[in-house]
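S.K.: Starting off with a structure, shown below.
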Amino acid sequence: MWMLEYGSEFIPALKYKYVKKRIQKQKIKKYVLVGTDKMPVHRESLFEGRCSMMLPDSLIDMEVTDGIVGYRSLQSPQIIKAATNGNAVLTFSLLPKAEAGMEAMDVSDRLEKLRQDMEKKWKQDVYYGTGEVQAGELKVSWMDLKSFCEKGNIYSFIFLFDINGDIVLGNFYCHFQHYAIWKPVIPKLLATLEYK
């Protein structure tokens with residue numbers, strides 16, 4: 001009786017734990033597990049070769065016009081990668097040179113300030129956690145959250161890292177119902193970051 005009553009919640013939770021453990025053990029070489037699918041990956045050069053990381057082949061450059069339509073201002077991210085099926089987007093932006101009072105801040109402190117600013121502005125968002133990924137000598141700080149919009153709920157995985165004095169702001173987002181598939185994958189991809 002217990003399984004019948006709670007089965008619809010119990011089985012997906014076990015499946016998520018299994019996939020998460022499998023992804024955590026995986027070394028990214030030729031493919032990455034996204035859910036139960038094997039997606040081929042390639043090393044993508046970012047910001048004119050200043051850094052690179054492994055990305056699934058299904059994330060391709062978004063057309064400039066689509067990027068402008070998707071953002072509220074003309075200051076859209078410099079790099080926008082969208083999944084070919086339209087279910088996920090990954091963006092990268094170089095932040096303006098050091099803002100007053102933030103020059104000496106570590107990326108984890110800058111991310112915490114960003115989180116606090118976002119919580120003040122968008123009170124309805126649900127913030128889950130923060131953490132760090134080590135990519136060689138490069139430290140990547142991250143946070144994840146659930147946002148609400150007119151087209152449904154969005155899962156965001158926001159991250160910051162420093163490349164030779166410039167801060168990169170990254171944002172992965174997808175429909176909320178896909179977060180369990182993507183959440184364990186993004187830190188694995190970030191662990192492949194390299195800078196020149």
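Within each chain, counting starts at residue 1; across the structure tokens, chains are named A, B, ... in the order shown, with ligands numbered 1 upward in that order.
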So which residues touch Leu189 of chain A within 12 Å, counting only C-alpha atoms, skipping near sequence neighbours fewer than 2 positions away, as a PyMOL selection string?
M.R.: chain A and resi 23-24+26-29+31-34+41-44+52-56+90+133-135+140+159+172+182-187+191-194
S.K.: Can you tell me which residues surround Lys196 of chain A at a distance of at most 12 Å, considering only C-alpha atoms, apart from same-chain residues fewer than 4 positions away, and format the answer as a list of chain:residue names?
M.R.: A:Ser45, A:Leu46, A:Phe47, A:Glu48, A:Gly49, A:Arg50, A:Cys51, A:Ser52, A:Met53, A:Glu137, A:Leu138, A:Asp162, A:Ile163, A:Asn164
S.K.: Could you work out how far atom CA of Gln177 of chain A lies from atom CA of Pro77 of chain A, giving the answer in Å with one decimal?
M.R.: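 These atoms are spaced 24.5 Å apart.
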S.K.: What is the atom CA of Ser76 of chain A to atom CA of Asp61 of chain A distance in Å?
M.R.: 13.5 Å
S.K.: Name the residues of segment 95-182 of chain A that come out as alpha helix (DSSP H) in a backbone DSSP run; write them as number ranges by chain.
M.R.: A: 107-121, 179-182
S.K.: From the options A:Leu169, A:Val126, A:Cys174, A:Leu94, which residue's atoms come nearest to Ala82 of chain A, counting only C-alpha atoms?
M.R.: A:Cys174
S.K.: Which is closest to Lys113 of chain A among A:Tyr128, A:Val168, A:Ser58, A:Leu160, if we use only C-alpha atoms?
M.R.: A:Leu160
S.K.: Select, from A:Pro96, A:Thr91, A:Tyr195, A:Gln116, the residue with the minimum atom-to-atom distance to Phe157 of chain A, counting only C-alpha atoms.
M.R.: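 When distances to Phe157 of chain A are compared using only C-alpha atoms, the smallest one comes from A:Thr91.
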S.K.: Determine, counting only C-alpha atoms, which protein, DNA and RNA residues have an atom within 7 Å of an atom of Ala83 of chain A; residues of the same chain fewer than 3 positions away are not included. Present the result as a list in words.
M.R.: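 That gives Ser58, Leu59, Ile60, Gly86, Asn87, Ala88 and Val89 of chain A.
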